[in-house]
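Structure file structure32.cif with mmCIF, C-alpha atoms:
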```
data_protein
#
loop_
_atom_site.label_atom_id
_atom_site.label_comp_id
_atom_site.auth_asym_id
_atom_site.auth_seq_id
_atom_site.Cartn_x
_atom_site.Cartn_y
_atom_site.Cartn_z
CA MET B 1 -1.12 -4.86 30.62
CA SER B 2 -4.38 -2.86 30.69
CA ALA B 3 -5.75 -0.72 27.89
CA ASP B 4 -5.03 2.35 30.01
CA ASP B 5 -1.40 1.24 30.38
CA ASP B 6 -1.15 0.76 26.61
CA ALA B 7 -2.55 4.24 25.98
CA GLU B 8 -0.21 5.78 28.55
CA ARG B 9 2.81 4.06 27.00
CA SER B 10 1.73 5.19 23.52
CA ASP B 11 1.40 8.79 24.72
CA GLU B 12 4.85 8.64 26.28
CA GLU B 13 6.38 7.28 23.09
CA GLU B 14 4.71 10.10 21.16
CA ARG B 15 6.17 12.68 23.55
CA ARG B 16 9.64 11.20 23.13
CA ASN B 17 9.45 11.29 19.33
CA HIS B 18 7.91 14.74 18.89
CA SER B 19 8.17 17.96 20.81
CA ALA B 20 5.68 20.77 21.16
CA ALA B 21 7.96 22.83 18.93
CA GLY B 22 7.20 20.62 15.94
CA ARG B 23 10.43 18.63 15.91
CA PHE B 24 11.80 15.30 17.03
CA SER B 25 13.39 14.67 20.41
CA SER B 26 16.96 15.91 20.81
CA ASP B 27 18.51 12.43 20.71
CA VAL B 28 17.38 12.08 17.08
CA TYR B 29 19.32 15.20 16.11
CA ALA B 30 22.34 14.17 18.21
CA ARG B 31 22.61 10.97 16.17
CA ARG B 32 22.29 12.90 12.92
CA LEU B 33 25.03 15.38 13.86
CA THR B 34 27.37 12.55 14.79
CA ALA B 35 26.66 10.80 11.48
CA ALA B 36 27.14 14.05 9.51
CA ALA B 37 30.52 14.70 11.14
CA ALA B 38 31.63 11.15 10.37
CA ALA B 39 30.49 11.51 6.75
CA ALA B 40 32.46 14.75 6.44
CA ALA B 41 35.57 13.05 7.81
CA ASP B 42 35.13 10.12 5.39
CA ALA B 43 34.96 12.63 2.54
CA GLY B 44 38.24 14.23 3.61
CA LEU B 45 36.57 17.48 4.66
CA ALA B 46 37.28 19.70 7.64
CA GLY B 47 33.54 20.02 8.16
CA LEU B 48 30.20 21.27 6.96
CA VAL B 49 28.69 24.76 6.96
CA ILE B 50 24.90 24.56 6.88
CA THR B 51 22.76 27.66 6.37
CA PRO B 52 18.92 27.67 6.74
CA GLY B 53 17.08 25.19 4.58
CA TYR B 54 16.16 21.52 4.60
CA ASP B 55 19.64 20.37 5.68
CA LEU B 56 19.56 22.63 8.73
CA ARG B 57 16.10 21.40 9.62
CA TYR B 58 17.27 17.82 9.23
CA LEU B 59 20.32 18.27 11.47
CA VAL B 60 18.92 20.39 14.31
CA GLY B 61 15.19 20.82 13.68
CA SER B 62 15.50 24.52 12.87
CA ALA B 63 13.12 26.22 10.46
CA ALA B 64 15.14 29.47 10.55
CA GLN B 65 15.13 31.56 7.39
CA THR B 66 18.01 32.96 5.36
CA PHE B 67 18.62 36.70 5.59
CA GLU B 68 21.48 38.99 4.61
CA ARG B 69 23.02 38.30 8.04
CA LEU B 70 24.69 34.89 8.27
CA THR B 71 23.10 32.11 10.29
CA ALA B 72 25.00 28.82 10.03
CA LEU B 73 25.52 25.50 11.73
CA VAL B 74 29.20 24.58 11.60
CA VAL B 75 29.79 20.82 11.89
CA PRO B 76 33.53 20.06 12.09
CA ALA B 77 34.69 16.58 11.15
CA ALA B 78 36.13 16.38 14.66
CA GLY B 79 34.90 18.42 17.59
CA GLN B 80 31.75 20.12 18.79
CA PRO B 81 29.29 21.64 16.30
CA THR B 82 28.77 25.38 16.68
CA VAL B 83 25.91 27.66 15.73
CA VAL B 84 26.80 31.07 14.31
CA VAL B 85 23.83 33.44 14.50
CA PRO B 86 23.15 37.21 14.50
CA ARG B 87 22.34 38.35 18.02
CA LEU B 88 19.02 39.74 16.84
CA GLU B 89 18.08 36.27 15.54
CA LEU B 90 18.85 34.35 18.74
CA ALA B 91 15.15 33.79 19.39
CA SER B 92 14.95 31.64 16.24
CA LEU B 93 16.97 28.94 18.02
CA LYS B 94 14.28 28.38 20.64
CA GLU B 95 12.21 26.29 18.23
CA SER B 96 15.17 24.04 17.36
CA ALA B 97 17.09 21.34 19.24
CA VAL B 98 20.16 23.58 19.65
CA VAL B 99 19.47 24.41 23.30
CA ASP B 100 18.56 20.84 24.29
CA LEU B 101 21.72 19.57 22.61
CA GLY B 102 23.85 22.11 24.46
CA LEU B 103 25.53 23.30 21.26
CA PRO B 104 27.81 26.34 21.61
CA VAL B 105 26.25 29.47 20.12
CA GLN B 106 28.49 32.19 18.69
CA ASP B 107 26.35 35.26 18.25
CA TRP B 108 27.54 38.33 16.41
CA VAL B 109 26.42 41.90 15.84
CA ASP B 110 26.54 44.26 12.89
CA GLY B 111 30.09 45.41 12.27
CA GLU B 112 31.63 42.05 13.15
CA ASN B 113 32.67 39.47 10.54
CA PRO B 114 30.70 36.22 10.99
CA TYR B 115 32.88 34.42 8.42
CA ASP B 116 35.81 34.83 10.80
CA VAL B 117 33.73 33.05 13.45
CA VAL B 118 33.01 30.19 11.02
CA ALA B 119 36.70 29.90 10.12
CA VAL B 120 37.71 29.69 13.78
CA ALA B 121 35.11 26.96 14.39
CA LEU B 122 36.69 25.01 11.51
CA GLY B 123 40.26 25.57 12.63
CA GLY B 124 41.20 28.23 10.10
CA HIS B 125 41.73 27.64 6.38
CA ALA B 126 39.86 24.49 5.52
CA ARG B 127 38.26 22.43 2.79
CA VAL B 128 34.59 22.39 3.68
CA ALA B 129 31.23 21.49 2.20
CA VAL B 130 28.23 23.82 2.21
CA THR B 131 24.54 23.17 1.86
CA ASP B 132 23.21 23.63 -1.68
CA SER B 133 20.78 26.31 -0.47
CA MET B 134 23.52 28.67 0.74
CA PRO B 135 23.04 32.06 -0.96
CA ALA B 136 25.92 33.45 -2.99
CA LEU B 137 26.03 36.49 -0.69
CA HIS B 138 27.32 34.12 2.02
CA LEU B 139 29.17 31.59 -0.13
CA LEU B 140 31.53 34.11 -1.75
CA PRO B 141 32.80 35.83 1.42
CA LEU B 142 33.08 32.46 3.15
CA ALA B 143 35.22 31.11 0.30
CA GLU B 144 37.40 34.20 0.42
CA ARG B 145 37.89 33.87 4.19
CA LEU B 146 38.70 30.14 4.03
CA GLY B 147 41.00 30.52 1.05
CA SER B 148 39.27 27.78 -0.95
CA VAL B 149 36.01 27.22 -2.79
CA PRO B 150 33.70 24.94 -0.76
CA VAL B 151 32.15 21.86 -2.30
CA LEU B 152 28.48 20.93 -2.00
CA ALA B 153 27.39 19.00 1.08
CA THR B 154 24.83 17.16 -1.03
CA ASP B 155 27.13 14.17 -1.55
CA VAL B 156 28.04 14.10 2.15
CA LEU B 157 24.45 14.23 3.41
CA ARG B 158 22.79 12.31 0.57
CA THR B 159 22.74 8.90 2.24
CA LEU B 160 21.70 10.31 5.61
CA ARG B 161 18.76 12.17 4.07
CA MET B 162 17.74 9.30 1.77
CA VAL B 163 17.63 6.58 4.43
CA LYS B 164 14.92 7.49 6.91
CA ASP B 165 15.28 6.71 10.61
CA PRO B 166 12.36 5.31 12.66
CA ALA B 167 11.18 8.77 13.72
CA GLU B 168 11.02 9.92 10.10
CA ILE B 169 9.19 6.78 8.99
CA ASP B 170 6.62 7.35 11.73
CA ALA B 171 6.16 10.95 10.54
CA LEU B 172 5.74 9.87 6.91
CA ARG B 173 3.17 7.24 7.87
CA LYS B 174 1.14 9.84 9.76
CA ALA B 175 1.37 12.25 6.85
CA GLY B 176 0.23 9.49 4.49
CA ALA B 177 -2.77 8.62 6.67
CA ALA B 178 -3.74 12.29 6.85
CA ILE B 179 -3.71 12.78 3.07
CA ASP B 180 -5.65 9.52 2.65
CA ARG B 181 -8.38 11.07 4.81
CA VAL B 182 -8.43 14.08 2.49
CA HIS B 183 -8.79 11.88 -0.60
CA ALA B 184 -11.69 10.10 1.07
CA ARG B 185 -13.48 13.47 1.09
CA VAL B 186 -12.65 14.46 -2.49
CA PRO B 187 -15.67 12.79 -4.17
CA ASP B 188 -17.96 15.13 -2.22
CA PHE B 189 -16.16 18.11 -3.79
CA LEU B 190 -16.30 16.85 -7.39
CA VAL B 191 -19.66 18.17 -8.53
CA PRO B 192 -20.38 19.02 -12.18
CA GLY B 193 -20.83 22.77 -12.52
CA ARG B 194 -18.11 23.62 -10.01
CA THR B 195 -14.70 24.83 -11.18
CA GLU B 196 -11.35 23.17 -10.56
CA ALA B 197 -10.50 26.18 -8.39
CA ASP B 198 -13.64 25.62 -6.30
CA VAL B 199 -12.59 22.03 -5.69
CA ALA B 200 -9.02 23.05 -4.89
CA GLY B 201 -10.30 25.50 -2.28
CA ASP B 202 -12.22 22.75 -0.51
CA ILE B 203 -9.22 20.44 -0.67
CA ALA B 204 -6.95 23.11 0.81
CA LYS B 205 -9.21 23.44 3.83
CA ALA B 206 -9.39 19.67 4.20
CA ILE B 207 -5.60 19.28 4.06
CA VAL B 208 -5.20 21.61 7.05
CA ASN B 209 -8.23 20.21 8.87
CA GLU B 210 -6.77 16.71 8.61
CA GLY B 211 -3.59 17.76 10.44
CA HIS B 212 -1.17 19.23 7.91
CA SER B 213 0.54 22.47 8.91
CA GLU B 214 -0.07 23.93 5.45
CA VAL B 215 -0.74 23.10 1.82
CA ALA B 216 2.29 22.30 -0.34
CA PHE B 217 0.48 21.78 -3.65
CA ILE B 218 -2.90 20.94 -5.16
CA ILE B 219 -3.50 19.64 -8.67
CA VAL B 220 -7.08 19.30 -9.89
CA GLY B 221 -6.82 18.34 -13.56
CA SER B 222 -10.23 17.73 -15.13
CA GLY B 223 -10.90 16.48 -18.64
CA PRO B 224 -8.14 17.63 -21.02
CA HIS B 225 -6.29 19.30 -18.12
CA GLY B 226 -5.64 15.85 -16.68
CA ALA B 227 -3.26 15.26 -19.58
CA ASP B 228 -0.91 17.93 -18.15
CA PRO B 229 0.99 16.27 -15.28
CA HIS B 230 1.84 19.65 -13.70
CA HIS B 231 -1.47 21.40 -14.20
CA GLU B 232 -2.60 23.07 -10.97
CA CYS B 233 -6.19 24.30 -11.15
CA SER B 234 -8.20 26.69 -13.27
CA ASP B 235 -11.66 28.13 -13.80
CA ARG B 236 -12.61 25.19 -16.02
CA VAL B 237 -16.05 23.87 -15.06
CA LEU B 238 -16.31 20.19 -14.21
CA GLN B 239 -18.57 18.22 -16.53
CA THR B 240 -20.26 14.84 -16.41
CA GLY B 241 -17.92 12.30 -18.01
CA ASP B 242 -14.73 14.06 -16.92
CA ILE B 243 -11.74 12.09 -15.67
CA VAL B 244 -10.16 14.14 -12.87
CA VAL B 245 -6.59 13.80 -11.59
CA VAL B 246 -6.18 14.97 -7.99
CA ASP B 247 -2.57 15.20 -6.72
CA ILE B 248 -2.24 16.75 -3.26
CA GLY B 249 0.13 17.01 -0.32
CA GLY B 250 1.65 19.09 2.42
CA PRO B 251 3.94 19.03 5.45
CA TYR B 252 2.82 17.23 8.59
CA ALA B 253 4.54 17.84 11.95
CA PRO B 254 7.47 17.92 12.26
CA GLY B 255 7.61 18.93 8.60
CA TYR B 256 7.50 15.61 6.70
CA ASN B 257 5.43 15.69 3.54
CA SER B 258 2.52 13.74 2.16
CA ASP B 259 2.05 13.31 -1.59
CA CYS B 260 -0.72 11.19 -3.05
CA THR B 261 -2.54 11.08 -6.37
CA ARG B 262 -5.85 9.45 -7.15
CA THR B 263 -7.98 9.66 -10.29
CA TYR B 264 -11.76 10.10 -10.35
CA SER B 265 -14.47 9.69 -12.97
CA LEU B 266 -17.57 11.87 -12.93
CA GLY B 267 -20.02 9.16 -13.86
CA GLU B 268 -19.17 5.79 -15.35
CA PRO B 269 -16.18 5.90 -17.73
CA ASN B 270 -16.40 4.48 -21.23
CA THR B 271 -14.91 1.07 -21.98
CA GLU B 272 -11.67 2.38 -23.49
CA ILE B 273 -10.90 4.60 -20.50
CA ALA B 274 -11.72 1.82 -18.06
CA GLU B 275 -9.43 -0.62 -19.87
CA GLN B 276 -6.53 1.81 -20.14
CA TYR B 277 -6.86 2.81 -16.49
CA ALA B 278 -6.78 -0.87 -15.51
CA VAL B 279 -3.41 -1.17 -17.28
CA LEU B 280 -2.12 1.84 -15.33
CA GLN B 281 -3.28 0.24 -12.11
CA ARG B 282 -1.35 -2.93 -12.95
CA ALA B 283 1.73 -0.86 -13.81
CA GLN B 284 1.67 0.93 -10.47
CA ALA B 285 1.19 -2.34 -8.60
CA ALA B 286 4.08 -3.94 -10.51
CA ALA B 287 6.42 -1.09 -9.56
CA VAL B 288 5.49 -1.34 -5.88
CA GLU B 289 5.98 -5.11 -6.03
CA ALA B 290 9.46 -4.60 -7.50
CA VAL B 291 10.64 -2.55 -4.52
CA ARG B 292 13.09 -4.30 -2.18
CA PRO B 293 16.65 -3.81 -0.95
CA GLY B 294 19.25 -4.34 -3.69
CA VAL B 295 16.87 -3.60 -6.57
CA THR B 296 17.94 -0.46 -8.41
CA ALA B 297 15.86 2.67 -8.81
CA GLU B 298 15.79 2.21 -12.59
CA GLN B 299 14.49 -1.36 -12.21
CA VAL B 300 11.46 -0.05 -10.32
CA ASP B 301 10.90 2.51 -13.07
CA ALA B 302 11.16 -0.25 -15.68
CA ALA B 303 8.64 -2.44 -13.83
CA ALA B 304 5.93 0.19 -14.35
CA ARG B 305 7.05 1.18 -17.84
CA ASP B 306 7.15 -2.41 -19.13
CA VAL B 307 3.50 -3.05 -18.21
CA LEU B 308 2.44 0.07 -20.07
CA ALA B 309 4.66 -0.80 -23.05
CA ASP B 310 3.12 -4.25 -23.33
CA ALA B 311 -0.28 -2.58 -23.69
CA GLY B 312 0.97 -0.06 -26.24
CA LEU B 313 0.79 2.85 -23.78
CA ALA B 314 4.50 3.54 -23.21
CA GLU B 315 4.50 6.80 -25.19
CA TYR B 316 1.80 8.22 -22.90
CA PHE B 317 3.94 7.83 -19.75
CA VAL B 318 6.05 10.99 -19.95
CA HIS B 319 7.79 11.34 -16.57
CA ARG B 320 9.84 9.34 -14.07
CA THR B 321 8.11 6.78 -11.88
CA GLY B 322 8.95 8.47 -8.60
CA HIS B 323 10.92 10.79 -6.35
CA GLY B 324 12.19 10.65 -2.81
CA ILE B 325 10.27 12.49 -0.10
CA GLY B 326 10.85 13.73 3.42
CA LEU B 327 11.36 17.29 4.60
CA SER B 328 11.28 18.20 0.91
CA VAL B 329 8.49 17.02 -1.38
CA HIS B 330 11.07 16.12 -4.06
CA GLU B 331 14.45 14.75 -2.99
CA GLU B 332 16.61 11.71 -3.65
CA PRO B 333 16.32 8.91 -4.60
CA TYR B 334 14.76 9.50 -8.01
CA ILE B 335 13.04 6.46 -9.53
CA VAL B 336 14.03 6.96 -13.12
CA ALA B 337 15.78 5.24 -16.02
CA GLY B 338 19.54 5.60 -15.75
CA ASN B 339 19.63 5.67 -11.95
CA ASP B 340 21.47 2.48 -10.96
CA LEU B 341 21.36 3.30 -7.24
CA PRO B 342 20.52 0.15 -5.25
CA LEU B 343 17.59 0.62 -2.90
CA THR B 344 18.29 0.42 0.82
CA GLU B 345 15.97 -0.35 3.70
CA GLY B 346 14.55 2.94 4.98
CA MET B 347 14.45 4.82 1.68
CA ALA B 348 11.14 6.57 1.02
CA PHE B 349 9.81 7.62 -2.37
CA SER B 350 6.73 7.91 -4.56
CA VAL B 351 5.57 5.32 -7.07
CA GLU B 352 3.42 7.28 -9.52
CA PRO B 353 3.15 6.14 -13.12
CA GLY B 354 0.64 8.01 -15.26
CA ILE B 355 -0.86 8.02 -18.73
CA TYR B 356 -1.63 11.28 -20.55
CA PHE B 357 -3.59 11.75 -23.76
CA PRO B 358 -3.13 15.38 -24.89
CA GLY B 359 -6.38 17.24 -25.39
CA ARG B 360 -8.43 14.36 -23.99
CA TRP B 361 -7.71 13.05 -20.49
CA GLY B 362 -5.06 11.70 -18.16
CA ALA B 363 -4.65 9.54 -15.08
CA ARG B 364 -2.06 8.95 -12.37
CA ILE B 365 -1.84 6.68 -9.31
CA GLU B 366 0.64 7.64 -6.60
CA ASP B 367 1.63 6.13 -3.27
CA ILE B 368 4.55 6.91 -1.00
CA VAL B 369 6.41 3.70 -0.14
CA ILE B 370 9.17 2.91 2.32
CA VAL B 371 11.70 0.20 1.55
CA THR B 372 11.57 -2.59 4.14
CA ALA B 373 13.76 -5.65 4.64
CA ASP B 374 11.61 -7.72 2.31
CA GLY B 375 9.66 -5.31 0.13
CA ALA B 376 7.76 -2.04 0.33
CA LEU B 377 5.50 -0.50 2.94
CA ALA B 378 2.94 1.86 1.37
CA VAL B 379 1.96 4.73 3.64
CA ASN B 380 -1.10 5.39 1.46
CA THR B 381 -3.83 2.78 1.66
CA GLY B 382 -6.77 4.35 -0.18
CA PRO B 383 -8.37 2.60 -3.16
CA HIS B 384 -6.32 2.49 -6.35
CA GLU B 385 -9.27 1.84 -8.62
CA LEU B 386 -10.71 4.61 -10.77
CA THR B 387 -13.14 6.15 -8.27
CA VAL B 388 -16.53 6.69 -9.90
CA VAL B 389 -18.37 9.72 -8.53
CA PRO B 390 -22.15 9.45 -9.03
CA VAL B 391 -23.57 12.39 -10.96
#
```

Would you encode the structure as structure tokens?
Amino acid sequence: MSADDDAERSDEEERRNHSAAGRFSSDVYARRLTAAAAAAADAGLAGLVITPGYDLRYLVGSAAQTFERLTALVVPAAGQPTVVVPRLELASLKESAVVDLGLPVQDWVDGENPYDVVAVALGGHARVAVTDSMPALHLLPLAERLGSVPVLATDVLRTLRMVKDPAEIDALRKAGAAIDRVHARVPDFLVPGRTEADVAGDIAKAIVNEGHSEVAFIIVGSGPHGADPHHECSDRVLQTGDIVVVDIGGPYAPGYNSDCTRTYSLGEPNTEIAEQYAVLQRAQAAAVEAVRPGVTAEQVDAAARDVLADAGLAEYFVHRTGHGIGLSVHEEPYIVAGNDLPLTEGMAFSVEPGIYFPGRWGARIEDIVIVTADGALAVNTGPHELTVVPV
């Protein structure tokens, strides 16, 4: 096969996996809807009622917003899913897979009761689950109409959302490569005399320029600010000798997030910092090495924590080792002590131990990894060493 044939086949595969509307092909969503209905049936539910949010985007690729008028995807345990939408919001469906899937659309106008439409789609009074982002202004009248209080759909959709399908894994890998390209540019932005906010502004532009649809978050923690894991940025001026934590990410079409942290040194670090950072690097590598199907989330957390404890640094690691990622930056599974959930092939999450010395400095190393049949695939491949920026 020629190089041209290879390129043509690659382009065709790309077209099948992604649409111009920023979503996957309709067959991806068809499989998800079928799996969601089966999960609802297994849970003894009549169905699911999904209002705008990450669950709706997951199931039909819709980025519709929640308003005072009800928009909902009704997924019965048996039967055809239905979309209930205000007539004036019909245009919002054009960017989703609803039309391609041929889903029935029940539109309504002011003066009509949309909760009656939902009840009919579910067969009347029913025990249903609702997405956790459903506003109370919709939940309460829906419960009254159905004659029962819905349960959360989180348990029903948890496994589906946690275990990524091939299209999602491809999206996460592309997001990871894009944020790696941003980190490769960060040393040029870290110039003594500039503020953290100056650096964050450059990073924001780079995140979009490297293919993200927008910026989700930027942390530039220099010097003592690096000891605050959730510091964002400030007017603090960068100084020679600073250790700088840079944690950045954003959504990449069709909405899957990057999240990567690297730590930089403005000039050569002193011996103590270099030695402590080397321990952190070993801890992060140990946690990634621990990842494989059947290992529990808390065992991965312990793999990082044990390395730090052996070096007397356990008290300076003050957060969980990781969080799941996908359409949301933070989702299940959470890599934390007490979570005995066995890992499954296809799960995606961060591995990000850190060490934080209040008032002095901090450091964190973060990759997104995907559980494979025999280990972990890291979507971030940039250097893990403490990056020394010449000053």

Which distance in Å separates CA of Ile335 (chain B) and CA of Val279 (chain B), to one decimal? 19.7 Å

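The space between CA of Glu232 (chain B) and CA of Val220 (chain B) spans 6.0 Å.
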
I'd like the contact shell of Ala278 (chain B) - 12 Å cut-off, all atoms listed in the file, skipping same-chain residues fewer than 3 positions apart - returned as a PDB file with C-alpha atoms, in the coordinates of the input.
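The result, stored in around35.pdb:
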```pdb
ATOM      1  CA  THR B 263      -7.980   9.660 -10.290  1.00  0.00           C
ATOM      2  CA  PRO B 269     -16.180   5.900 -17.730  1.00  0.00           C
ATOM      3  CA  THR B 271     -14.910   1.070 -21.980  1.00  0.00           C
ATOM      4  CA  GLU B 272     -11.670   2.380 -23.490  1.00  0.00           C
ATOM      5  CA  ILE B 273     -10.900   4.600 -20.500  1.00  0.00           C
ATOM      6  CA  ALA B 274     -11.720   1.820 -18.060  1.00  0.00           C
ATOM      7  CA  GLU B 275      -9.430  -0.620 -19.870  1.00  0.00           C
ATOM      8  CA  GLN B 281      -3.280   0.240 -12.110  1.00  0.00           C
ATOM      9  CA  ARG B 282      -1.350  -2.930 -12.950  1.00  0.00           C
ATOM     10  CA  ALA B 283       1.730  -0.860 -13.810  1.00  0.00           C
ATOM     11  CA  GLN B 284       1.670   0.930 -10.470  1.00  0.00           C
ATOM     12  CA  ALA B 285       1.190  -2.340  -8.600  1.00  0.00           C
ATOM     13  CA  VAL B 307       3.500  -3.050 -18.210  1.00  0.00           C
ATOM     14  CA  LEU B 308       2.440   0.070 -20.070  1.00  0.00           C
ATOM     15  CA  ALA B 311      -0.280  -2.580 -23.690  1.00  0.00           C
ATOM     16  CA  LEU B 313       0.790   2.850 -23.780  1.00  0.00           C
ATOM     17  CA  GLY B 354       0.640   8.010 -15.260  1.00  0.00           C
ATOM     18  CA  ILE B 355      -0.860   8.020 -18.730  1.00  0.00           C
ATOM     19  CA  ALA B 363      -4.650   9.540 -15.080  1.00  0.00           C
ATOM     20  CA  ARG B 364      -2.060   8.950 -12.370  1.00  0.00           C
ATOM     21  CA  ILE B 365      -1.840   6.680  -9.310  1.00  0.00           C
ATOM     22  CA  HIS B 384      -6.320   2.490  -6.350  1.00  0.00           C
ATOM     23  CA  GLU B 385      -9.270   1.840  -8.620  1.00  0.00           C
ATOM     24  CA  LEU B 386     -10.710   4.610 -10.770  1.00  0.00           C
ATOM     25  CA  THR B 387     -13.140   6.150  -8.270  1.00  0.00           C
TER      26      THR B 387
END
```

Report as a PyMOL selection string the full result of the PyMOL selection byres ((chain B and resi 198) around 10) when it is applied to this structure. chain B and resi 189-191+193-197+199-203+220+233-238

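With all atoms listed in the file as the atoms that count, the residue of B:Pro383, B:Gly322, B:Gly223, B:Gly211 with the shortest distance to Ala337 (chain B) is B:Gly322.
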
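Interatomic distance, CA of Gly123 (chain B) against CA of Ala38 (chain B): 17.0 Å.
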
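For the set B:Ala64, B:Asp110, B:Val74, B:Arg360, the residue with the smallest atom-to-atom gap to Lys94 (chain B) is B:Ala64, counting only C-alpha atoms.
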
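Among B:Thr82, B:Asn380, B:Ser25, B:Thr321, the residue with the shortest atom-to-atom distance to Ala121 (chain B), counting all atoms listed in the file, is B:Thr82.
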
Evaluating the PyMOL selection byres ((chain B and resi 303) around 12) on the displayed file yields which residues, as JSON, numbers by chain? {"B": [280, 282, 283, 284, 285, 286, 287, 288, 289, 290, 291, 295, 296, 297, 298, 299, 300, 301, 302, 304, 305, 306, 307, 308, 309, 310, 314, 320, 321, 335, 336, 337, 351, 352, 353]}

What would the selection look like, as a PyMOL selection string, if the PyMOL selection byres ((chain B and resi 146) around 12) were run on the coordinates I just shared? chain B and resi 46+49+115-129+139-145+147-150

Considering only C-alpha atoms, return as an NGL selection string whatever protein or nucleic-acid residues lie within 10 Å of region 26-33 of chain B, sequence-local ones (same chain, fewer than 5 positions apart) excluded. :B and (16-19 or 38-39 or 57-61 or 75-76 or 80-81 or 96-102 or 157 or 160-161 or 165-168)

Name the residues within 12 Å of (22.7, 29.7, 1.6), counting all atoms listed in the file in the file's coordinates, and put them as a ChimeraX atom specification. /B:49-56,64-73,129-142,152-153

Would you kindly identify which residues have an atom no farther than 12 Å from (-2.5, 23.6, 4.9), using only C-alpha atoms and the file's own coordinates, and write them out as a PyMOL selection string? chain B and resi 178-179+182+200-218+248-253+255+257-258

For a quick check of understanding, using all atoms listed in the file, which of B:Leu266, B:Ala373, B:Cys260, B:Ala35 has the smallest distance to Ile219 (chain B)? B:Cys260

Taking 6 positions as the minimum chain separation for residues in the same chain, which residues sit within 8 Å of Glu95 (chain B) when counting all atoms listed in the file? Answer as number ranges by chain. B: 21-22, 61-63

Edge lengths and centre, in Å to one decimal, as AutoDock Vina command-line options: that's what I need for the box along x, y and z that holds all listed atoms of region 143-154 of chain B plus 5 Å on each side.
```
--center_x 32.9 --center_y 25.7 --center_z 0.7 --size_x 26.2 --size_y 27.0 --size_z 17.0
```

Using only C-alpha atoms, can you tell me which of B:Arg173, B:Arg262, B:His231, B:Arg181 comes closest to Ile368 (chain B)? B:Arg173

Long-range neighbours of Gly221 (chain B) as a ChimeraX atom specification, 6 Å cut-off, all atoms listed in the file, 2 positions minimum in chain: /B:225-226,244-245

Supply region 255-268 of chain B as a PDB file, keeping the file's coordinate frame, with N, CA and C atoms built in where the input has gaps.
```
ATOM      1  N   GLY B 255       7.181  18.415   9.895  1.00  0.00           N
ATOM      2  CA  GLY B 255       7.610  18.930   8.600  1.00  0.00           C
ATOM      3  C   GLY B 255       7.786  17.905   7.504  1.00  0.00           C
ATOM      4  N   TYR B 256       7.351  16.653   7.719  1.00  0.00           N
ATOM      5  CA  TYR B 256       7.500  15.610   6.700  1.00  0.00           C
ATOM      6  C   TYR B 256       6.251  15.582   5.827  1.00  0.00           C
ATOM      7  N   ASN B 257       6.486  15.440   4.507  1.00  0.00           N
ATOM      8  CA  ASN B 257       5.430  15.690   3.540  1.00  0.00           C
ATOM      9  C   ASN B 257       4.630  14.459   3.137  1.00  0.00           C
ATOM     10  N   SER B 258       3.376  14.714   2.844  1.00  0.00           N
ATOM     11  CA  SER B 258       2.520  13.740   2.160  1.00  0.00           C
ATOM     12  C   SER B 258       2.521  14.086   0.683  1.00  0.00           C
ATOM     13  N   ASP B 259       2.160  13.109  -0.137  1.00  0.00           N
ATOM     14  CA  ASP B 259       2.050  13.310  -1.590  1.00  0.00           C
ATOM     15  C   ASP B 259       1.312  12.108  -2.139  1.00  0.00           C
ATOM     16  N   CYS B 260       0.095  12.316  -2.590  1.00  0.00           N
ATOM     17  CA  CYS B 260      -0.720  11.190  -3.050  1.00  0.00           C
ATOM     18  C   CYS B 260      -1.613  11.629  -4.191  1.00  0.00           C
ATOM     19  N   THR B 261      -1.682  10.793  -5.224  1.00  0.00           N
ATOM     20  CA  THR B 261      -2.540  11.080  -6.370  1.00  0.00           C
ATOM     21  C   THR B 261      -3.567   9.966  -6.550  1.00  0.00           C
ATOM     22  N   ARG B 262      -4.798  10.372  -6.768  1.00  0.00           N
ATOM     23  CA  ARG B 262      -5.850   9.450  -7.150  1.00  0.00           C
ATOM     24  C   ARG B 262      -6.603  10.067  -8.324  1.00  0.00           C
ATOM     25  N   THR B 263      -7.263   9.216  -9.098  1.00  0.00           N
ATOM     26  CA  THR B 263      -7.980   9.660 -10.290  1.00  0.00           C
ATOM     27  C   THR B 263      -9.452   9.300 -10.153  1.00  0.00           C
ATOM     28  N   TYR B 264     -10.317  10.224 -10.545  1.00  0.00           N
ATOM     29  CA  TYR B 264     -11.760  10.100 -10.350  1.00  0.00           C
ATOM     30  C   TYR B 264     -12.485  10.231 -11.688  1.00  0.00           C
ATOM     31  N   SER B 265     -13.639   9.603 -11.776  1.00  0.00           N
ATOM     32  CA  SER B 265     -14.470   9.690 -12.970  1.00  0.00           C
ATOM     33  C   SER B 265     -15.840  10.228 -12.571  1.00  0.00           C
ATOM     34  N   LEU B 266     -16.261  11.307 -13.225  1.00  0.00           N
ATOM     35  CA  LEU B 266     -17.570  11.870 -12.930  1.00  0.00           C
ATOM     36  C   LEU B 266     -18.612  11.119 -13.763  1.00  0.00           C
ATOM     37  N   GLY B 267     -19.159  10.095 -13.157  1.00  0.00           N
ATOM     38  CA  GLY B 267     -20.020   9.160 -13.860  1.00  0.00           C
ATOM     39  C   GLY B 267     -19.196   7.987 -14.367  1.00  0.00           C
ATOM     40  N   GLU B 268     -19.867   6.989 -14.887  1.00  0.00           N
ATOM     41  CA  GLU B 268     -19.170   5.790 -15.350  1.00  0.00           C
ATOM     42  C   GLU B 268     -18.303   6.106 -16.570  1.00  0.00           C
TER      43      GLU B 268
END
```
